[in-house]
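The structure under discussion appears below in the form of structure tokens.
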Amino acid sequence: MQESATAGILVAFRIRSFRFQFCADLVVAWAIEMEVIILAWYILTATDSPFLLALLGALRFGGTLLSPLVGAYADRISRKRLLLCIRLSFTALALVLMAFALHDAVTPLAVFAVVTIAGLLRPADMMLRQSLIADTVGPSILTNALAFSRMTVDSARMFGALAGAGLMAALGLANAYIIVTVLYLASTLLTLFIQSGQRPAPASVARPFAELREGIMLLRDARALRHILYLAFLVNLTVLSITGGLLPLVARDIYGLDSLGLGVMAATFAGGALIGSLLTATLMRRFDPERLMFRCAILWHLLMAMYTQIDSANIGIPMLAVIGLVSSFVMVPMASCLLRRTPIDFRGRIMGLRQLAVFGLPLGLLCSGVFIEWTSVATALCSYSLGGAVFTFFLWRSWRTGELAQA
């Protein structure tokens, strides 16, 4: 009986393509998170500017505006080929920055240039990996597969953040970047073994803008899909902008920690999210995903508002684990709901439009960076969190009204 339950929990791993994709996504996620911590700490210490730190985080998501067009092409050609090209580009960019570091020629300008280019590609990477999972696993195990896929990101944010901070402190920028480059290369090689999945044959003539318009028209007629995208934008604008780019500021200015302390903070949040993803894949996989994500989104904002008022690392850092746990109860059901409700030949376009919601994160980073300069870290971040909780409540209420009307 126990063996059967375990097999049910790990059912997604019975699919060969998912096993390779899980490994490839895990390695690239580790490389990305190590790179984020290394470069964020470098910029903060080199410039001593909260605004430039926020700008660095914002640039990582510059490609969100291009994601819908990438999604239109992904509905036409091999998603695997696109993903492979993107990860080859990550490897090439890491090689460039590694060469600069080995020659002691790294400057903030060089870092911003590389991050800007990588940021044009990174949103498409997330979009393609989720679409590929939906193409290669059945609908009945989609939540299970997406939850395990989310664990690759969560584990990277936990252990990758610690590794990045530790390598930066122990080996320096150049040697740390050699390891980052090797990880990007390993992910590219593993991506070669992913299957493309079965999809309907596209039309003979490429019309990316017309096809994108079809995806937008689908959203116009699908109220539930729109509400999921609204929620995705909101959490990126508010709570994810705090944990996704401003933790170095909290670590230094509120807790008085160094780069290792920052790594512990990022790892604690990711550790909670990792446990949350595991629970979503196992014990909570039968919960109604729509209700789960809306309720937990409100709780997530309220917990973050409480966190911003804590000035003790001994209390604040453990609380990050709870916040990370709740975040997974939002993000995994969100991806599952979106992919389940989207026709297979529209997945690339809808997931591309979903990536536009990520634009809320750099927007939130830039706005919060300005507000922090005017007020204080605690005041600005608490206001963001409470405002997000209010908007989430009204969004949930609107969604429930629509569901009752359809029933």
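We label chains A, B, ... in the order they appear in the structure tokens, count residues from 1 in each chain, and number ligands from 1 in the order shown.
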
Interface rows for stretch 329-396 of chain A against stretch 228-248 of chain A: nearest pair, Å to one decimal, 6 Å, only C-alpha atoms, as a Markdown table:
```
| residue | atom | partner | partner_atom | distance |
| --- | --- | --- | --- | --- |
| A:Ala357 | CA | A:Phe233 | CA | 4.1 |
| A:Val358 | CA | A:Asn236 | CA | 5.9 |
| A:Gly360 | CA | A:Leu237 | CA | 4.2 |
| A:Leu361 | CA | A:Asn236 | CA | 4.5 |
| A:Gly364 | CA | A:Leu237 | CA | 4.6 |
| A:Leu365 | CA | A:Ser241 | CA | 5.5 |
| A:Tyr384 | CA | A:Thr238 | CA | 5.6 |
| A:Ser385 | CA | A:Thr238 | CA | 6.0 |
```

Find the residues around A:Met306 up to 10 Å (only C-alpha atoms counted), leave out those fewer than 3 positions away in its own chain, and share them as a ChimeraX atom specification.
/A:301-303,309-310,316,319,378,382,385-386

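Minimum atom-to-atom distance to A:Val377, evaluated using only C-alpha atoms, belongs to A:Tyr255 out of A:Tyr255, A:Tyr184, A:Phe148, A:Arg122.
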
Selection near stretch 158-172 of chain A, 7 Å with only C-alpha atoms, sequence-local residues under 6 positions removed, as an MDAnalysis selection string:
chainID A and resid 30 33:35 37:38 259:260 263:264 266:268 270:271

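Restricting the calculation to only C-alpha atoms, the smallest distance between A:Ala222 and any of A:Leu59, A:Ala24, A:Leu363, A:Leu338 is found for A:Leu338.
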
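Counting only C-alpha atoms, A:Arg213 has the following residues at most 12 Å away, ignoring those fewer than 3 positions along the same chain: Pro68, Leu69, Gly71, Ala72, Arg207, Pro208, Phe209, Ala210, Ile216, Met217, Leu218, Leu219, Arg220, Phe346, Arg349, Ile350 and Leu353 of chain A.
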
Excluding stretch 132-134 of chain A and any residue of its chain fewer than 2 positions from it, enumerate the residues within 10 Å of it, using only C-alpha atoms, and give them as a tab-separated table (two decimals) with C-alpha atoms, in the first residue's frame.
```
chain	number	residue	atom	x	y	z
A	12	ALA	CA	5.23	12.27	-13.26
A	17	SER	CA	10.99	13.27	-21.01
A	18	PHE	CA	9.88	14.74	-17.67
A	21	GLN	CA	13.41	18.08	-18.10
A	22	PHE	CA	13.32	17.99	-14.31
A	74	ALA	CA	6.22	28.34	-29.73
A	78	SER	CA	9.38	23.04	-31.62
A	79	ARG	CA	9.26	24.35	-28.06
A	80	LYS	CA	12.25	22.18	-27.29
A	83	LEU	CA	14.29	26.27	-25.08
A	127	MET	CA	7.08	29.92	-20.29
A	128	LEU	CA	8.54	27.19	-22.50
A	129	ARG	CA	9.39	24.79	-19.69
A	130	GLN	CA	5.83	24.87	-18.33
A	136	THR	CA	4.37	15.71	-22.45
A	137	VAL	CA	2.32	14.70	-19.38
A	138	GLY	CA	-1.39	13.96	-19.13
A	139	PRO	CA	-3.92	16.39	-17.62
A	141	ILE	CA	-0.95	14.38	-13.45
A	142	LEU	CA	-0.30	17.96	-14.57
A	143	THR	CA	-0.50	19.46	-11.07
A	145	ALA	CA	4.37	17.45	-12.55
A	146	LEU	CA	4.14	21.25	-12.18
A	149	SER	CA	8.89	21.41	-11.57
A	194	ILE	CA	13.63	16.39	-23.70
A	195	GLN	CA	10.83	15.38	-26.07
A	196	SER	CA	8.85	17.99	-27.96
A	197	GLY	CA	5.43	16.49	-27.21
A	198	GLN	CA	2.47	15.96	-29.53
A	336	SER	CA	-2.03	24.29	-13.17
A	339	LEU	CA	-2.65	25.25	-18.43
A	340	ARG	CA	-5.70	23.08	-17.77
A	344	ILE	CA	-3.28	22.79	-26.29
A	347	ARG	CA	-0.66	27.19	-24.68
A	348	GLY	CA	2.37	29.02	-26.04
```

Just the helix (DSSP H, G or I) stuff from stretch 188-294 of chain A, please, per backbone DSSP, written as number ranges by chain.
A: 188-191, 208-221, 223-237, 239-243, 247-254, 259-281, 289-294

Residues within 9 Å of stretch 281-298 of chain A, please, as an MDAnalysis selection string. Count only C-alpha atoms; anything in the same chain fewer than 5 positions from it doesn't count.
chainID A and resid 8:10 143:148 228 231 235 276 303 326:334 336:337 388:393 395:396

Those residues you just picked out, can you put them in a file as a PDB file, in the first residue's frame with C-alpha atoms?
```pdb
ATOM      1  CA  GLY A   8       1.243   7.835  -7.120  1.00  0.00           C
ATOM      2  CA  ILE A   9       3.191  10.720  -5.651  1.00  0.00           C
ATOM      3  CA  LEU A  10       6.041  10.245  -8.148  1.00  0.00           C
ATOM      4  CA  THR A 143      -0.502  19.461 -11.067  1.00  0.00           C
ATOM      5  CA  ASN A 144       1.826  16.754  -9.782  1.00  0.00           C
ATOM      6  CA  ALA A 145       4.372  17.453 -12.552  1.00  0.00           C
ATOM      7  CA  LEU A 146       4.136  21.248 -12.178  1.00  0.00           C
ATOM      8  CA  ALA A 147       4.603  21.011  -8.424  1.00  0.00           C
ATOM      9  CA  PHE A 148       7.786  18.972  -8.868  1.00  0.00           C
ATOM     10  CA  ILE A 228      -5.684  34.101 -13.098  1.00  0.00           C
ATOM     11  CA  LEU A 231      -3.670  37.606  -9.819  1.00  0.00           C
ATOM     12  CA  VAL A 235       1.582  39.032  -6.697  1.00  0.00           C
ATOM     13  CA  GLY A 276       4.989  23.989   0.006  1.00  0.00           C
ATOM     14  CA  LEU A 303       2.127  37.649   6.308  1.00  0.00           C
ATOM     15  CA  VAL A 326       2.252  29.890   1.531  1.00  0.00           C
ATOM     16  CA  SER A 327       3.661  31.251  -1.747  1.00  0.00           C
ATOM     17  CA  SER A 328       3.768  27.745  -3.238  1.00  0.00           C
ATOM     18  CA  PHE A 329       0.072  27.271  -2.462  1.00  0.00           C
ATOM     19  CA  VAL A 330      -0.488  30.193  -4.852  1.00  0.00           C
ATOM     20  CA  MET A 331       2.043  29.748  -7.647  1.00  0.00           C
ATOM     21  CA  VAL A 332       1.656  26.003  -8.351  1.00  0.00           C
ATOM     22  CA  PRO A 333      -2.187  26.001  -8.497  1.00  0.00           C
ATOM     23  CA  MET A 334      -1.999  29.146 -10.635  1.00  0.00           C
ATOM     24  CA  SER A 336      -2.026  24.293 -13.173  1.00  0.00           C
ATOM     25  CA  CYS A 337      -5.308  26.200 -13.556  1.00  0.00           C
ATOM     26  CA  GLY A 388      -1.962  43.772  -2.437  1.00  0.00           C
ATOM     27  CA  ALA A 389      -4.127  41.988   0.143  1.00  0.00           C
ATOM     28  CA  VAL A 390      -7.011  44.401  -0.507  1.00  0.00           C
ATOM     29  CA  PHE A 391      -6.830  44.033  -4.289  1.00  0.00           C
ATOM     30  CA  THR A 392      -6.579  40.239  -4.011  1.00  0.00           C
ATOM     31  CA  PHE A 393      -9.749  40.122  -1.907  1.00  0.00           C
ATOM     32  CA  LEU A 395     -10.305  39.957  -7.298  1.00  0.00           C
ATOM     33  CA  TRP A 396     -11.371  36.780  -5.477  1.00  0.00           C
TER      34      TRP A 396
END
```

Compile the contact shell of stretch 369-374 of chain A as a ChimeraX atom specification: residues with an atom at most 8 Å away, counting only C-alpha atoms, same-chain residues fewer than 4 positions apart removed.
/A:50-51,54,365,379-380

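The closest residue to A:Leu120, picked from A:Leu65, A:Val250, A:Ala273, A:Met351 and counting only C-alpha atoms, is A:Leu65.
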
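Our summary of the geometry notes that atom CA of A:Val322 is positioned 27.0 Å from atom CA of A:Leu44.
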
Tell me which of A:Phe90, A:Phe20, A:Trp399, A:Phe100 sits closest to A:Thr116, counting only C-alpha atoms.
A:Phe90

Which residue out of A:Leu325, A:Leu381, A:Pro318, A:Ala94 has the minimum interatomic distance to A:Cys367 when only C-alpha atoms are used?
A:Leu381
